[in-house]
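Asker: Once you've had a glance at the structure underneath, I'll fire off some questions.
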Amino acid sequence: MAPPRFNRTQVLLEPSQRQQLAEIAALENRSLSEIVRAMIHAQLAERRRQAMTAAAQTLLSAYQTDP
């Protein structure tokens with residue numbers, strides 16, 4: 001299987017954010033990039049979950065009131 005392809009992206013962080021990410025990376029023996037990608041992945045998954053929950057709630061209300 002081919003390794004994943006990445007796009008280089010520049011992100012400006014506050015010094016404290018960069019430091020905290022570097023500390024997490026060191027503790028987990030991972031690269032800072034891996035940590036950032038994992039956090040972005042988690043946030044995107046959470047947003048998808050929230051969108052699905054909102055859609056399900058909308059459909060539930062229509063389902064409950066539609067004869």
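Residue numbering restarts at 1 for every chain of the structure tokens, chains are lettered A, B, ... in their displayed order, and ligands are numbered from 1 as they appear.
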For the helix (DSSP H, G or I) assignment from backbone DSSP, which residues of chain A qualify? Please present them as a PyMOL selection string.

Answerer: chain A and resi 15-28+32-65

Asker: Go ahead and compute the interatomic distance for CA of Pro15 (chain A) and CA of Met39 (chain A), in Å to one decimal.

Answerer: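 CA of Met39 (chain A) lies at a distance of 17.7 Å from CA of Pro15 (chain A).
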
Asker: Show me, as number ranges by chain, the residues that have an atom within 12 Å of Ala38 (chain A) when counting only C-alpha atoms, minus same-chain residues fewer than 6 positions from it.

Answerer: A: 21, 24-25, 30-32, 44-45

Asker: Store the residues picked out above in a file with all heavy atoms, as a compact mmCIF listing (two decimals), in the first residue's frame.

Answerer:
# COMPACT_ATOMS: atom_id res chain seq x y z
N LEU A 21 1.90 21.63 21.87
CA LEU A 21 1.92 20.58 20.85
C LEU A 21 3.25 19.84 20.84
O LEU A 21 3.29 18.61 20.72
CB LEU A 21 1.62 21.16 19.47
CG LEU A 21 0.19 21.63 19.25
CD1 LEU A 21 0.09 22.42 17.94
CD2 LEU A 21 -0.78 20.46 19.26
N ILE A 24 3.34 17.45 23.80
CA ILE A 24 2.52 16.26 23.53
C ILE A 24 3.26 15.32 22.58
O ILE A 24 3.32 14.11 22.81
CB ILE A 24 1.15 16.66 22.93
CG1 ILE A 24 0.32 17.40 23.98
CG2 ILE A 24 0.40 15.43 22.41
CD1 ILE A 24 -0.91 18.09 23.42
N ALA A 25 3.83 15.89 21.53
CA ALA A 25 4.57 15.08 20.56
C ALA A 25 5.73 14.35 21.23
O ALA A 25 5.94 13.16 20.98
CB ALA A 25 5.07 15.97 19.42
N ARG A 30 5.96 11.10 18.91
CA ARG A 30 5.40 11.31 17.58
C ARG A 30 5.84 12.67 17.09
O ARG A 30 6.26 13.52 17.87
CB ARG A 30 3.87 11.24 17.63
CG ARG A 30 3.36 9.88 18.08
CD ARG A 30 1.91 9.90 18.49
NE ARG A 30 1.03 10.22 17.38
CZ ARG A 30 -0.26 10.51 17.53
NH1 ARG A 30 -0.80 10.52 18.73
NH2 ARG A 30 -1.01 10.79 16.50
N SER A 31 5.68 12.90 15.80
CA SER A 31 6.03 14.21 15.27
C SER A 31 4.93 15.21 15.58
O SER A 31 3.77 14.84 15.80
CB SER A 31 6.25 14.13 13.76
OG SER A 31 5.02 13.94 13.08
N LEU A 32 5.30 16.47 15.57
CA LEU A 32 4.32 17.52 15.78
C LEU A 32 3.26 17.45 14.68
O LEU A 32 2.07 17.62 14.94
CB LEU A 32 5.02 18.89 15.78
CG LEU A 32 4.14 20.02 16.26
CD1 LEU A 32 4.91 20.90 17.23
CD2 LEU A 32 3.65 20.84 15.11
N LEU A 44 -12.71 17.20 12.88
CA LEU A 44 -13.56 17.00 11.70
C LEU A 44 -14.58 15.89 11.95
O LEU A 44 -15.75 16.01 11.56
CB LEU A 44 -12.70 16.68 10.47
CG LEU A 44 -11.83 17.83 9.95
CD1 LEU A 44 -10.92 17.34 8.84
CD2 LEU A 44 -12.68 19.00 9.48
N ALA A 45 -14.16 14.81 12.60
CA ALA A 45 -15.08 13.72 12.93
C ALA A 45 -16.17 14.21 13.88
O ALA A 45 -17.35 13.86 13.72
CB ALA A 45 -14.31 12.55 13.55

Asker: Report the distance between CA of Val36 (chain A) and CA of Gln19 (chain A) in Å, rounded to one decimal place.

Answerer: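 Separating CA of Val36 (chain A) from CA of Gln19 (chain A) is a distance of 12.5 Å.
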
Asker: What does the distance between CA of Arg5 (chain A) and CA of Ile40 (chain A) come to in Å, to one decimal place?

Answerer: 16.1 Å
